[in-house]
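K.L.:
Sharing a structure with you now.
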Amino acid sequence: MLYKVMGRDVFKDFVKSLISDYEFIGPKKKDKAVHDFVPIKDISELDINYKRTTIPPAKKILFPPDEKLVTYEVNEKIKVRPLIESSEKVLFGINAWDINGMNFLDRFFVTDFIDENYLERRKKLIVIGMDSEPTETNFSPSMDSEYAKDGFDLYLTELKDRYFIRINTARGDEILKKYAVTEDALVKDFKDYNNYMDNYRKKFKLNVNIKDFYDNFELIYDDDEFWKRVAKNCYSCGSCNLACPTCFCFNVKDDIELNLKDGNKTREWDSCMLPEYGLVAGGLNFRPDKENRLKQRYRCKLKTFFDKFGRYACVGCGRCIEVCLAKINIADDINSIKKEVSV
Amino acid sequence: MAFDIKYKDKSNKSSIYVPEIARINKIQQISPTEKIFDIVFEDDKNQNNFNFEPGQFVELTVFGLGEAPFSICSNPENKDFFQLCIRDVGNVSGALHRMKEGSKIGIRGPYGNGYFPYEKMENQNILLIAGGLGLAPLMSLIKYILHHREDYKEVMIIYGAVNPENILFKDDIQYFSSRNDISICVTVDNPDAGWTGEVGVCTKLIPRVDFPVENTCAVVCGPPVMYKFVIIELEKKNYYPEKVFLSLERRMECGVGKCNHCHIGDKLVCVDGPVFSLWEIKNLKEAI
């Protein structure tokens, strides 16, 4: 990691030149509450000061909601060809917890089998991170995600009169050298940065006791009453999955064109909350109850991947709390488990 | 990326979702609802490289329609082709049943790191318990064992079917009965007038097995409802949980541990299974 500082006056030109030279994706205001990561053509469209984190999250750039994986031609011979789209892009203004979400997906998509579709996009994505204001549903410090240790090229932190820049890759260093005038960070810069981070962390008001949840999860696992209560209002709509920066479930479907010759295999996001998630041919459903599906979601987020990778599959962004139609609150549920087991 | 990727096999950097083209060489109708498909890869190189373990499965694509996982039911030592025994029950299987010999399909796999651990079973008595279509994945193991018969002690198959006409692999069963180094007992739920064999569910036959448990492996495959009752019977006889192997079914979209549909607790049936020991299953709530 290299550390540099850049004057505030340089920032605008830096961004402008990135927009003109790269396929540039950044946060743009969609309506009064929501921002979305979209291609940006002009700096006026860009709005870094977003608060409501973008829905859907930036994972859609690496793992699109529907994506053609394979294309084929059915003639005398069948020709099959993989479709791996990859173009260099700049993802600008993504915050730390969403970078951590991508870091989780990185690990997931290369474990056991390597998913080239994901990997190619990730390798060509230049990530320039910036902090954003947390919402009141955000509990990322509890999930150790409010700070990105890696998974980005550059991370810009806005101090009073300058930007403190963490440079994580040689690629990021080159970009910075090419497009901006910077100076090496000095002791004062580091002190200001540390002060900034202390204050920044204070902006997160919601805490969860994830350790208690993890420790007591097996204990509460068979408590049907508890899970029924947690899932009581669930509509099984899957909004939580769509908004989640770490959800990765998908379906693969085969489509054939009207000429009955050309076809594709397409993957599309699926949701573990939908009733047909566990349905197999013959009509048997391995997860017919909503409380069971919600339990499995919590297990996947808060236990499975901690055991596998040493990190939770939840970054605490709070999107699922905001989008849930039934007001199911994962933070409350995590915190309630301690009370539940001590009674 | 937050870390470097190390490829296990650098030569094979293509997409994990691309099937290889294969041909249905032969179709045999073996019951009113099941057919056996003999499958050969179009490219000889793929055929030569296709080595599978008993209990593994493939993802089969019917182009334009979809993809589904099927267990392989042929002898792993047979390198010329492999066989799938498929029931006409879903989209993909229904389309397969309408296909003719010579039709082209796509195959990915074989998949499943958890297969029947035939090395661990060496020098053991083998009790195989199958219900209905569950005989198909076991068939691969049975044929492997018969191929290497001297490595195993006594071998017994217990097979339960609904009706006499639903009995699968009738030719193979007849052949097994003619051999004196393997015993097979078939039971049906609903006997017809001509049926002279056992009647009832297959669990009923387990108490009669007199293999010493300390050197016996049991292998179970059948409909999900069957496992619970088989396990009760095996536990009554004090079978060692690490010597009982069960093949599980779940919904799969990818077969390579990415789509997550087949998760049970912290395990994925596609990469960690589909075969699990009873010990693993006891630690996996909701597996059975």
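Every chain in the structure tokens takes a letter, A first, then B, and so on in the order presented; its residues are numbered from 1, and the ligands are numbered from 1 following the presented order.
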What residues in chain B lie within 6 Å of chain A, counting only C-alpha atoms, written as a ChimeraX atom specification?

P.N.:
/B:1-2,15,64-66,89-90,251,253,259-260,266

K.L.:
Selection from above, all heavy atoms, as a compact mmCIF listing (two decimals), in the first residue's frame, can you write it?

P.N.:
# COMPACT_ATOMS: atom_id res chain seq x y z
N MET B 1 -8.64 -7.51 -7.58
CA MET B 1 -8.82 -8.69 -6.77
C MET B 1 -8.03 -8.54 -5.48
O MET B 1 -6.95 -8.00 -5.46
CB MET B 1 -8.30 -9.93 -7.49
CG MET B 1 -9.03 -10.29 -8.74
SD MET B 1 -10.68 -10.88 -8.48
CE MET B 1 -10.41 -12.44 -7.66
N ALA B 2 -8.59 -9.10 -4.46
CA ALA B 2 -7.93 -9.00 -3.16
C ALA B 2 -6.84 -10.07 -3.00
O ALA B 2 -6.09 -10.04 -2.05
CB ALA B 2 -8.96 -9.14 -2.06
N SER B 15 -14.72 -21.67 -19.70
CA SER B 15 -15.85 -21.48 -18.80
C SER B 15 -16.34 -22.80 -18.23
O SER B 15 -16.40 -23.82 -18.93
CB SER B 15 -16.98 -20.80 -19.57
OG SER B 15 -18.18 -20.95 -18.88
N GLY B 64 -31.67 -25.83 -25.93
CA GLY B 64 -32.89 -25.06 -26.14
C GLY B 64 -33.90 -25.26 -25.04
O GLY B 64 -34.90 -24.55 -24.96
N LEU B 65 -33.66 -26.22 -24.16
CA LEU B 65 -34.66 -26.51 -23.14
C LEU B 65 -34.14 -26.35 -21.72
O LEU B 65 -34.75 -25.70 -20.88
CB LEU B 65 -35.17 -27.93 -23.34
CG LEU B 65 -36.45 -28.16 -22.56
CD1 LEU B 65 -37.63 -28.21 -23.48
CD2 LEU B 65 -36.35 -29.38 -21.69
N GLY B 66 -32.99 -26.92 -21.45
CA GLY B 66 -32.47 -26.77 -20.08
C GLY B 66 -31.46 -27.83 -19.72
O GLY B 66 -31.10 -28.68 -20.54
N VAL B 89 -39.95 -37.42 -15.65
CA VAL B 89 -40.64 -36.75 -14.55
C VAL B 89 -40.59 -35.23 -14.62
O VAL B 89 -41.47 -34.55 -14.13
CB VAL B 89 -40.08 -37.26 -13.19
CG1 VAL B 89 -38.65 -36.80 -12.98
CG2 VAL B 89 -40.95 -36.86 -12.01
N GLY B 90 -39.59 -34.67 -15.30
CA GLY B 90 -39.46 -33.21 -15.34
C GLY B 90 -39.34 -32.70 -16.76
O GLY B 90 -39.61 -33.42 -17.72
N ARG B 251 -31.98 -29.83 -5.53
CA ARG B 251 -32.04 -29.06 -6.76
C ARG B 251 -30.66 -28.50 -7.07
O ARG B 251 -29.97 -28.01 -6.19
CB ARG B 251 -33.02 -27.90 -6.61
CG ARG B 251 -33.02 -27.00 -7.82
CD ARG B 251 -34.19 -26.07 -7.81
NE ARG B 251 -34.05 -25.07 -8.83
CZ ARG B 251 -34.95 -24.14 -9.04
NH1 ARG B 251 -36.05 -24.10 -8.31
NH2 ARG B 251 -34.77 -23.25 -9.98
N GLU B 253 -28.51 -26.16 -10.12
CA GLU B 253 -28.54 -25.40 -11.36
C GLU B 253 -27.18 -25.40 -12.05
O GLU B 253 -27.08 -25.21 -13.24
CB GLU B 253 -28.96 -23.95 -11.08
CG GLU B 253 -30.41 -23.79 -10.62
CD GLU B 253 -31.41 -23.87 -11.75
OE1 GLU B 253 -31.08 -23.47 -12.87
OE2 GLU B 253 -32.55 -24.32 -11.50
N CYS B 259 -24.32 -21.95 -7.68
CA CYS B 259 -25.70 -21.46 -7.67
C CYS B 259 -26.34 -21.61 -6.30
O CYS B 259 -27.34 -20.98 -6.01
CB CYS B 259 -26.54 -22.18 -8.71
SG CYS B 259 -27.14 -23.80 -8.19
N ASN B 260 -25.75 -22.45 -5.45
CA ASN B 260 -26.13 -22.58 -4.04
C ASN B 260 -27.46 -23.27 -3.77
O ASN B 260 -27.87 -23.38 -2.61
CB ASN B 260 -26.15 -21.19 -3.38
CG ASN B 260 -25.63 -21.26 -1.96
OD1 ASN B 260 -24.77 -22.06 -1.64
ND2 ASN B 260 -26.15 -20.42 -1.10
N ASP B 266 -24.09 -26.18 6.05
CA ASP B 266 -22.88 -25.58 5.51
C ASP B 266 -22.30 -26.35 4.32
O ASP B 266 -21.25 -26.00 3.80
CB ASP B 266 -21.80 -25.48 6.60
CG ASP B 266 -22.24 -24.55 7.72
OD1 ASP B 266 -23.18 -23.77 7.50
OD2 ASP B 266 -21.65 -24.60 8.81

K.L.:
Residues of range 86-201 of chain B in helix (DSSP H, G or I) according to DSSP, as a PyMOL selection string?

P.N.:
chain B and resi 91-98+132-147+149-151+164-166+170-178
